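For reference, target13.cif (mmCIF, C-alpha atoms and all ligand atoms):
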data_final
loop_
_atom_site.label_atom_id
_atom_site.label_comp_id
_atom_site.auth_asym_id
_atom_site.auth_seq_id
_atom_site.Cartn_x
_atom_site.Cartn_y
_atom_site.Cartn_z
CA MET A 297 15.99 94.44 -5.54
CA SER A 298 15.59 92.44 -8.75
CA GLU A 299 12.17 92.00 -10.30
CA VAL A 300 10.83 88.41 -10.43
CA LYS A 301 9.07 87.88 -13.75
CA THR A 302 6.22 85.36 -13.79
CA GLY A 303 4.73 83.69 -16.86
CA LYS A 304 1.43 84.91 -18.15
CA VAL A 305 -1.85 83.30 -17.16
CA MET A 306 -4.50 83.28 -19.86
CA ILE A 307 -8.06 82.36 -18.86
CA LEU A 308 -10.00 81.78 -22.06
CA ASP A 309 -13.44 83.36 -21.84
CA HIS A 310 -14.65 82.53 -25.35
CA PRO A 311 -18.41 81.80 -25.35
CA LEU A 312 -17.93 78.39 -27.03
CA ILE A 313 -15.47 77.37 -24.32
CA GLN A 314 -17.73 78.59 -21.51
CA HIS A 315 -20.66 76.65 -22.96
CA LYS A 316 -18.65 73.45 -23.32
CA ILE A 317 -17.26 73.80 -19.78
CA SER A 318 -20.80 74.11 -18.41
CA ILE A 319 -21.62 70.67 -19.87
CA LEU A 320 -18.38 69.18 -18.52
CA ARG A 321 -19.21 70.38 -15.02
CA ASN A 322 -22.64 68.73 -15.04
CA LYS A 323 -22.50 65.49 -13.04
CA ASP A 324 -25.03 63.89 -15.42
CA THR A 325 -22.80 64.28 -18.51
CA GLY A 326 -21.79 60.80 -19.66
CA VAL A 327 -18.35 59.44 -20.57
CA LYS A 328 -18.70 59.78 -24.36
CA GLU A 329 -19.77 63.42 -24.29
CA PHE A 330 -17.30 64.28 -21.52
CA ARG A 331 -14.40 62.82 -23.49
CA GLU A 332 -15.43 64.62 -26.68
CA LEU A 333 -15.74 67.94 -24.86
CA VAL A 334 -12.32 67.66 -23.18
CA GLY A 335 -10.86 67.16 -26.67
CA GLU A 336 -12.79 70.05 -28.21
CA ILE A 337 -11.85 72.44 -25.41
CA ALA A 338 -8.21 71.37 -25.78
CA THR A 339 -8.35 72.24 -29.48
CA LEU A 340 -9.75 75.68 -28.72
CA THR A 341 -7.20 76.24 -25.95
CA ALA A 342 -4.34 75.18 -28.22
CA TYR A 343 -5.49 77.71 -30.82
CA GLU A 344 -4.74 80.47 -28.28
CA ALA A 345 -1.69 78.84 -26.71
CA THR A 346 0.05 78.63 -30.11
CA ARG A 347 -0.61 82.24 -31.09
CA HIS A 348 3.02 83.22 -30.34
CA LEU A 349 4.55 80.64 -32.71
CA SER A 350 6.87 82.26 -35.23
CA VAL A 351 6.29 82.23 -38.96
CA GLU A 352 8.52 83.00 -41.91
CA GLU A 353 7.78 84.13 -45.41
CA THR A 354 8.20 81.81 -48.36
CA THR A 355 7.10 81.88 -51.99
CA ILE A 356 4.76 79.34 -53.59
CA GLU A 357 2.82 79.05 -56.84
CA THR A 358 -0.95 79.22 -56.55
CA PRO A 359 -2.94 78.05 -59.61
CA ILE A 360 -3.10 81.77 -60.51
CA CYS A 361 0.29 83.30 -59.75
CA GLU A 362 3.32 83.38 -57.49
CA ALA A 363 2.44 84.32 -53.90
CA LYS A 364 4.33 85.15 -50.75
CA VAL A 365 2.91 83.06 -47.88
CA LYS A 366 3.76 82.48 -44.25
CA VAL A 367 4.66 79.10 -42.79
CA LEU A 368 5.54 78.00 -39.27
CA SER A 369 9.21 78.38 -38.42
CA GLY A 370 11.24 78.05 -35.26
CA LYS A 371 11.34 75.14 -32.88
CA LYS A 372 9.42 71.95 -33.50
CA LEU A 373 6.73 71.12 -30.96
CA ALA A 374 6.09 68.39 -28.41
CA LEU A 375 3.01 67.57 -26.37
CA VAL A 376 3.41 65.96 -22.96
CA PRO A 377 0.14 64.79 -21.37
CA ILE A 378 0.20 63.98 -17.66
CA LEU A 379 -1.38 60.51 -17.36
CA ARG A 380 -4.08 59.65 -17.19
CA ALA A 381 -6.36 62.61 -17.70
CA GLY A 382 -3.98 64.57 -19.95
CA LEU A 383 -4.44 61.87 -22.60
CA GLY A 384 -7.93 63.25 -23.16
CA MET A 385 -6.42 66.46 -24.58
CA VAL A 386 -3.91 64.94 -27.01
CA ASP A 387 -6.01 64.14 -30.09
CA GLY A 388 -7.78 67.50 -30.00
CA ILE A 389 -4.42 69.30 -30.11
CA LEU A 390 -2.87 66.97 -32.70
CA SER A 391 -5.76 67.90 -34.99
CA LEU A 392 -4.19 71.39 -35.11
CA ILE A 393 -0.49 70.46 -34.96
CA PRO A 394 -0.29 66.92 -36.35
CA ALA A 395 3.53 66.84 -36.60
CA ALA A 396 4.10 67.36 -32.87
CA LYS A 397 5.85 64.53 -31.04
CA VAL A 398 4.15 63.18 -27.92
CA GLY A 399 5.81 62.25 -24.63
CA HIS A 400 4.07 60.83 -21.56
CA ILE A 401 4.52 61.45 -17.85
CA GLY A 402 2.63 59.15 -15.49
CA LEU A 403 1.75 60.74 -12.15
CA TYR A 404 -1.00 60.12 -9.67
CA ARG A 405 -1.87 62.07 -6.56
CA ASP A 406 -1.49 60.20 -3.30
CA HIS A 407 -4.95 60.48 -1.75
CA GLU A 408 -3.56 61.16 1.75
CA THR A 409 -0.71 63.56 1.07
CA LEU A 410 -1.97 64.96 -2.31
CA LYS A 411 1.68 64.74 -3.45
CA PRO A 412 2.34 63.45 -6.98
CA VAL A 413 3.78 59.94 -7.34
CA LYS A 414 5.68 59.25 -10.57
CA TYR A 415 5.19 55.87 -12.27
CA TYR A 416 6.13 56.50 -15.91
CA CYS A 417 8.14 58.90 -18.03
CA LYS A 418 8.91 58.58 -21.73
CA LEU A 419 9.83 61.77 -23.57
CA PRO A 420 10.98 62.36 -27.17
CA SER A 421 14.79 62.05 -27.27
CA ASP A 422 15.09 65.50 -28.88
CA ILE A 423 12.78 67.21 -26.37
CA HIS A 424 15.58 69.64 -25.46
CA GLU A 425 15.26 71.09 -28.99
CA ARG A 426 11.47 71.38 -28.91
CA GLU A 427 8.90 73.77 -27.54
CA VAL A 428 6.80 71.76 -25.11
CA PHE A 429 3.11 71.90 -24.19
CA VAL A 430 2.27 70.11 -20.94
CA LEU A 431 -1.34 68.91 -20.88
CA ASP A 432 -3.57 68.18 -17.91
CA PRO A 433 -7.28 68.98 -17.59
CA MET A 434 -6.95 69.73 -13.86
CA LEU A 435 -4.55 72.09 -12.07
CA ALA A 436 -5.48 71.66 -8.40
CA THR A 437 -2.67 71.98 -5.82
CA GLY A 438 -0.27 72.24 -8.76
CA GLY A 439 1.94 69.44 -7.43
CA SER A 440 1.57 67.27 -10.54
CA ALA A 441 2.19 70.11 -13.00
CA VAL A 442 5.19 71.44 -11.04
CA ALA A 443 6.78 67.96 -10.98
CA ALA A 444 6.05 67.23 -14.66
CA ILE A 445 7.50 70.56 -15.78
CA GLN A 446 10.63 69.86 -13.71
CA PHE A 447 11.13 66.43 -15.39
CA ILE A 448 10.91 68.14 -18.78
CA LYS A 449 13.31 70.93 -17.77
CA ASP A 450 15.73 68.29 -16.48
CA GLU A 451 15.83 66.93 -20.06
CA GLY A 452 16.89 70.36 -21.30
CA ALA A 453 13.65 71.85 -22.69
CA LYS A 454 13.67 75.64 -22.48
CA LYS A 455 10.24 76.83 -23.62
CA ILE A 456 7.33 75.16 -21.82
CA THR A 457 3.64 76.09 -21.78
CA LEU A 458 1.06 74.51 -19.48
CA MET A 459 -2.46 73.88 -20.80
CA ASN A 460 -5.36 73.04 -18.46
CA THR A 461 -9.11 72.84 -18.72
CA ILE A 462 -9.84 73.98 -15.15
CA ALA A 463 -7.39 75.58 -12.72
CA ALA A 464 -7.59 76.50 -9.06
CA PRO A 465 -5.86 79.68 -7.84
CA GLU A 466 -3.67 77.51 -5.59
CA GLY A 467 -2.37 75.54 -8.59
CA ILE A 468 -1.60 78.64 -10.61
CA ALA A 469 0.29 80.14 -7.66
CA ALA A 470 2.30 76.92 -7.20
CA VAL A 471 3.32 76.75 -10.87
CA GLN A 472 4.22 80.44 -10.94
CA ALA A 473 6.34 80.06 -7.80
CA ALA A 474 8.22 76.98 -9.04
CA HIS A 475 8.37 77.80 -12.76
CA PRO A 476 8.00 81.55 -13.31
CA ASP A 477 9.08 81.13 -16.94
CA VAL A 478 6.05 78.96 -17.83
CA ASP A 479 2.91 80.45 -19.38
CA ILE A 480 -0.42 78.91 -18.35
CA TYR A 481 -3.48 78.64 -20.59
CA CYS A 482 -6.68 77.40 -19.03
CA ALA A 483 -10.30 77.34 -20.07
CA ALA A 484 -11.67 78.23 -16.63
CA LEU A 485 -10.36 79.56 -13.31
CA ASP A 486 -12.34 78.18 -10.37
CA GLU A 487 -12.79 79.35 -6.78
CA CYS A 488 -10.68 77.13 -4.53
CA LEU A 489 -9.86 73.59 -3.43
CA ASN A 490 -11.95 71.60 -0.97
CA GLU A 491 -10.55 69.64 2.00
CA ASN A 492 -9.82 66.66 -0.30
CA GLY A 493 -7.87 68.75 -2.78
CA TYR A 494 -10.67 68.78 -5.39
CA ILE A 495 -11.35 71.91 -7.40
CA VAL A 496 -14.54 73.78 -6.42
CA PRO A 497 -16.90 73.88 -8.27
CA GLY A 498 -14.72 71.85 -10.67
CA LEU A 499 -15.95 68.79 -12.51
CA GLY A 500 -14.94 65.96 -10.19
CA ASP A 501 -12.22 63.46 -11.04
CA ALA A 502 -11.21 64.17 -14.62
CA GLY A 503 -9.47 60.81 -15.19
CA ASP A 504 -12.45 58.83 -13.94
CA ARG A 505 -14.88 60.86 -16.05
CA ILE A 506 -12.77 60.56 -19.23
CA PHE A 507 -12.16 56.83 -18.87
CA GLY A 508 -15.38 55.82 -17.10
CA THR A 509 -13.56 54.26 -14.17
CA LYS A 510 -16.04 55.26 -11.47
C1 LIG X 1 -5.45 64.49 -11.42
C2 LIG X 1 -5.27 65.46 -12.56
C3 LIG X 1 -3.92 66.02 -12.32
C4 LIG X 1 -3.86 66.07 -10.82
C5 LIG X 1 -4.10 67.47 -10.38
O1 LIG X 1 -4.78 63.31 -11.67
O2 LIG X 1 -5.41 64.88 -13.83
O3 LIG X 1 -2.85 65.26 -12.86
O4 LIG X 1 -4.90 65.20 -10.33
O5 LIG X 1 -3.91 67.60 -9.02
P1 LIG X 1 -2.71 68.46 -8.40
O6 LIG X 1 -2.68 69.75 -9.15
O7 LIG X 1 -3.15 68.63 -6.96
O8 LIG X 1 -1.45 67.68 -8.52
P2 LIG X 1 -4.91 62.04 -10.68
O9 LIG X 1 -3.87 62.09 -9.64
O10 LIG X 1 -6.32 61.94 -10.21
O11 LIG X 1 -4.52 60.83 -11.64
P3 LIG X 1 -5.33 60.21 -12.87
O12 LIG X 1 -5.34 61.25 -13.98
O13 LIG X 1 -4.52 59.03 -13.23
O14 LIG X 1 -6.73 59.88 -12.41
N1 LIG X 2 -7.86 66.04 -9.91
C1 LIG X 2 -9.07 65.95 -10.50
O1 LIG X 2 -9.29 65.09 -11.38
N2 LIG X 2 -10.03 66.79 -10.11
C2 LIG X 2 -9.83 67.74 -9.17
O2 LIG X 2 -10.78 68.50 -8.86
C3 LIG X 2 -8.57 67.82 -8.57
C4 LIG X 2 -7.59 66.97 -8.97
#
How does the structure come out when it is put into structure tokens?
Ligand code: PRP
Ligand code: URA
Amino acid sequence: MSEVKTGKVMILDHPLIQHKISILRNKDTGVKEFRELVGEIATLTAYEATRHLSVEETTIETPICEAKVKVLSGKKLALVPILRAGLGMVDGILSLIPAAKVGHIGLYRDHETLKPVKYYCKLPSDIHEREVFVLDPMLATGGSAVAAIQFIKDEGAKKITLMNTIAAPEGIAAVQAAHPDVDIYCAALDECLNENGYIVPGLGDAGDRIFGTK
């Protein structure tokens, strides 16, 4: 019997992240603060999710002497937020990796079936040569993430990492089953989904809270 290898799942338990998540979860947190926190948590999550990037040695001149230093090497990077809520993570991650290209995948969950419906997809033309980070604050049933990752694989990308703010166990299991090669980084792992497919305890509808549409 051959062993099935699944990607790693990293739940970030850093105190700063836990504190920021506690404010996100609060129903009284307003749009401005919510949006800022989603961005800050994305920055902190990206710091961990990029730890594996390769570096190479080069030589530069400091004002004092010649020095051997390390610079990023290997594949260039791309960010792909799942619209809408994934947009809230983009700027926070670009503050760390400003040269990354950004693609967009528009999906919404049908309220009855909870299945993702695609309405937009625009990816960098060289995405097949890039390492890709898929961004979405919420991993609930996993349907949206599974579909988005498949669109990106269909364009030839080989190394894909999923970044979420809050994940449900059901979503992690779905991504691992469909895409065992994908690593998942999330800032919190919650208990379960409710009967409407919302993460419990969660933070409500991430898109509505980021964009103030409710
Ligand atoms: C939310 C969220 C994810 C999806 C997660 O988007 O941002 O994309 O639901 O649910 P799933 O794991 O069960 O697929 P939503 O459909 O509410 O769209 P929006 O971001 O445009 O509000
Ligand atoms: N989408 C959200 O925005 N929140 C959830 O809890 C589940 C899906």
Subject >> Test item: residues at most 9 Å from stretch 444-457 of chain A, all atoms listed in the file, excluding those fewer than 5 positions along its chain, as an NGL selection string >> reply: :A and (345 or 376 or 378 or 401-403 or 414 or 417 or 419 or 421-431 or 439 or 471 or 474-475 or 477-481)
Selection from above, C-alpha atoms, as a compact mmCIF listing (two decimals), keeping the file's coordinate frame, can you write it?
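result-v1.txt was written with the following content:
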# COMPACT_ATOMS: atom_id res chain seq x y z
CA ALA A 345 -1.69 78.84 -26.71
CA VAL A 376 3.41 65.96 -22.96
CA ILE A 378 0.20 63.98 -17.66
CA ILE A 401 4.52 61.45 -17.85
CA GLY A 402 2.63 59.15 -15.49
CA LEU A 403 1.75 60.74 -12.15
CA LYS A 414 5.68 59.25 -10.57
CA CYS A 417 8.14 58.90 -18.03
CA LEU A 419 9.83 61.77 -23.57
CA SER A 421 14.79 62.05 -27.27
CA ASP A 422 15.09 65.50 -28.88
CA ILE A 423 12.78 67.21 -26.37
CA HIS A 424 15.58 69.64 -25.46
CA GLU A 425 15.26 71.09 -28.99
CA ARG A 426 11.47 71.38 -28.91
CA GLU A 427 8.90 73.77 -27.54
CA VAL A 428 6.80 71.76 -25.11
CA PHE A 429 3.11 71.90 -24.19
CA VAL A 430 2.27 70.11 -20.94
CA LEU A 431 -1.34 68.91 -20.88
CA GLY A 439 1.94 69.44 -7.43
CA VAL A 471 3.32 76.75 -10.87
CA ALA A 474 8.22 76.98 -9.04
CA HIS A 475 8.37 77.80 -12.76
CA ASP A 477 9.08 81.13 -16.94
CA VAL A 478 6.05 78.96 -17.83
CA ASP A 479 2.91 80.45 -19.38
CA ILE A 480 -0.42 78.91 -18.35
CA TYR A 481 -3.48 78.64 -20.59
**OP:** Identify which of the residues A:Thr509, A:Thr461, A:Pro420, A:Leu333 lies closest to A:Ala374, counting all atoms listed in the file when measuring atom-to-atom distances.
**Re:**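 Among the listed residues, A:Pro420 lies closest to A:Ala374.
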Please report as CSV every residue of chain A lying within 8 Å of ligand LIG 1 (chain X), along with the nearest atom pair and their distance in Å (one decimal), using only C-alpha atoms and all ligand atoms.
residue,atom,partner,partner_atom,distance
A:Ile378,CA,X:LIG1,O3,5.8
A:Leu379,CA,X:LIG1,O12,5.3
A:Arg380,CA,X:LIG1,O12,3.8
A:Ala381,CA,X:LIG1,O12,4.1
A:Gly382,CA,X:LIG1,O2,6.3
A:Gly402,CA,X:LIG1,O13,7.5
A:Leu403,CA,X:LIG1,O11,6.3
A:Tyr404,CA,X:LIG1,O9,3.5
A:Arg405,CA,X:LIG1,O9,3.7
A:Asp406,CA,X:LIG1,O9,7.0
A:Leu410,CA,X:LIG1,O7,6.0
A:Lys411,CA,X:LIG1,O8,6.6
A:Pro412,CA,X:LIG1,O8,5.9
A:Asp432,CA,X:LIG1,O2,5.6
A:Pro433,CA,X:LIG1,O2,5.9
A:Met434,CA,X:LIG1,C2,4.8
A:Leu435,CA,X:LIG1,O6,4.2
A:Ala436,CA,X:LIG1,O6,3.5
A:Thr437,CA,X:LIG1,O7,3.6
A:Gly438,CA,X:LIG1,O6,3.5
A:Gly439,CA,X:LIG1,O8,4.0
A:Ser440,CA,X:LIG1,O8,3.7
A:Ala441,CA,X:LIG1,O6,6.2
A:Gly467,CA,X:LIG1,O6,5.8
A:Gly493,CA,X:LIG1,O7,6.3
A:Tyr494,CA,X:LIG1,O7,7.7
A:Asp501,CA,X:LIG1,O10,6.1
A:Ala502,CA,X:LIG1,O2,5.9
A:Gly503,CA,X:LIG1,O14,4.0
A:Asp504,CA,X:LIG1,O14,6.0
Original post:
If we count all atoms listed in the file, what is near A:Ile337 at a cut-off of 9 Å, once residues fewer than 2 positions away on the same chain are taken out, given as a list of chain:residue names?
Top reply: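 Final neighbour list, sorted by chain and number: A:Leu312, A:Ile313, A:Lys316, A:Ile317, A:Glu332, A:Leu333, A:Val334, A:Gly335, A:Thr339, A:Leu340, A:Thr341, A:Ala342, A:Met385, A:Gly388, A:Thr461, A:Ala483.
The interatomic distance for the pair atom CA of A:Ile389 and atom CA of A:Pro311 works out to 19.4 Å.
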Subject >> Point-to-point distance in Å for atom CA of A:Arg505 and atom N2 of ligand LIG 2 (chain X) >> reply: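 Computing the Euclidean distance for atom N2 of ligand LIG 2 (chain X) and atom CA of A:Arg505 yields 9.7 Å.
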Subject >> Residues within 9 Å of stretch 354-356 of chain A, only C-alpha atoms, excluding chain neighbours under 3 positions, as a list in words >> reply: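 Listing them by chain and then by number gives Cys361, Glu362, Ala363, Lys364, Val365, Lys366 and Val367 of chain A.
We find atom CA of A:Gln314 and atom CA of A:Ala470 to be spaced 24.7 Å apart.
In this comparison, which uses all atoms listed in the file, the residue of A:Lys304, A:Lys397, A:Arg321, A:Lys372 approaching ligand LIG 2 (chain X) most closely is A:Arg321.
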Subject >> Residue with smallest distance to ligand LIG 2 (chain X) - pool A:Leu485, A:Leu375, A:Val398, A:Ala464, counting only C-alpha atoms and all ligand atoms >> reply: A:Ala464
Quick test: take stretch 310-357 of chain A, keep C-alpha atoms, and write it as a PDB file, in the first residue's frame.
ATOM      1  CA  HIS A 310       1.833  33.578  18.497  1.00  0.00           C
ATOM      2  CA  PRO A 311       0.459  35.799  21.308  1.00  0.00           C
ATOM      3  CA  LEU A 312       0.166  38.841  19.005  1.00  0.00           C
ATOM      4  CA  ILE A 313      -1.920  36.824  16.554  1.00  0.00           C
ATOM      5  CA  GLN A 314      -4.152  35.415  19.292  1.00  0.00           C
ATOM      6  CA  HIS A 315      -4.755  38.905  20.673  1.00  0.00           C
ATOM      7  CA  LYS A 316      -5.607  40.344  17.265  1.00  0.00           C
ATOM      8  CA  ILE A 317      -7.934  37.410  16.492  1.00  0.00           C
ATOM      9  CA  SER A 318      -9.807  38.031  19.746  1.00  0.00           C
ATOM     10  CA  ILE A 319     -10.635  41.567  18.545  1.00  0.00           C
ATOM     11  CA  LEU A 320     -11.667  40.296  15.098  1.00  0.00           C
ATOM     12  CA  ARG A 321     -14.092  37.841  16.660  1.00  0.00           C
ATOM     13  CA  ASN A 322     -15.840  40.539  18.699  1.00  0.00           C
ATOM     14  CA  LYS A 323     -19.116  41.486  17.012  1.00  0.00           C
ATOM     15  CA  ASP A 324     -18.679  45.104  18.163  1.00  0.00           C
ATOM     16  CA  THR A 325     -15.391  45.610  16.281  1.00  0.00           C
ATOM     17  CA  GLY A 326     -16.008  48.157  13.522  1.00  0.00           C
ATOM     18  CA  VAL A 327     -15.087  48.022   9.834  1.00  0.00           C
ATOM     19  CA  LYS A 328     -11.922  50.150  10.064  1.00  0.00           C
ATOM     20  CA  GLU A 329     -10.360  48.163  12.889  1.00  0.00           C
ATOM     21  CA  PHE A 330     -11.509  44.840  11.416  1.00  0.00           C
ATOM     22  CA  ARG A 331      -9.911  45.628   8.063  1.00  0.00           C
ATOM     23  CA  GLU A 332      -6.652  46.752   9.678  1.00  0.00           C
ATOM     24  CA  LEU A 333      -6.474  43.606  11.800  1.00  0.00           C
ATOM     25  CA  VAL A 334      -7.091  41.248   8.861  1.00  0.00           C
ATOM     26  CA  GLY A 335      -4.140  42.937   7.136  1.00  0.00           C
ATOM     27  CA  GLU A 336      -1.879  42.779  10.194  1.00  0.00           C
ATOM     28  CA  ILE A 337      -2.659  39.108  10.827  1.00  0.00           C
ATOM     29  CA  ALA A 338      -1.971  38.377   7.151  1.00  0.00           C
ATOM     30  CA  THR A 339       1.458  40.005   7.489  1.00  0.00           C
ATOM     31  CA  LEU A 340       2.267  37.889  10.531  1.00  0.00           C
ATOM     32  CA  THR A 341       0.978  34.735   8.839  1.00  0.00           C
ATOM     33  CA  ALA A 342       3.024  35.455   5.710  1.00  0.00           C
ATOM     34  CA  TYR A 343       6.148  35.789   7.846  1.00  0.00           C
ATOM     35  CA  GLU A 344       5.729  32.117   8.821  1.00  0.00           C
ATOM     36  CA  ALA A 345       4.396  30.904   5.474  1.00  0.00           C
ATOM     37  CA  THR A 346       7.504  32.220   3.676  1.00  0.00           C
ATOM     38  CA  ARG A 347      10.015  30.659   6.060  1.00  0.00           C
ATOM     39  CA  HIS A 348      10.868  27.902   3.542  1.00  0.00           C
ATOM     40  CA  LEU A 349      11.845  30.313   0.734  1.00  0.00           C
ATOM     41  CA  SER A 350      15.336  29.623  -0.541  1.00  0.00           C
ATOM     42  CA  VAL A 351      18.204  32.074  -0.303  1.00  0.00           C
ATOM     43  CA  GLU A 352      21.583  32.244  -1.982  1.00  0.00           C
ATOM     44  CA  GLU A 353      24.820  33.866  -0.987  1.00  0.00           C
ATOM     45  CA  THR A 354      26.108  36.946  -2.743  1.00  0.00           C
ATOM     46  CA  THR A 355      28.800  39.511  -2.001  1.00  0.00           C
ATOM     47  CA  ILE A 356      28.166  43.220  -1.446  1.00  0.00           C
ATOM     48  CA  GLU A 357      30.143  46.196  -0.159  1.00  0.00           C
TER      49      GLU A 357
END
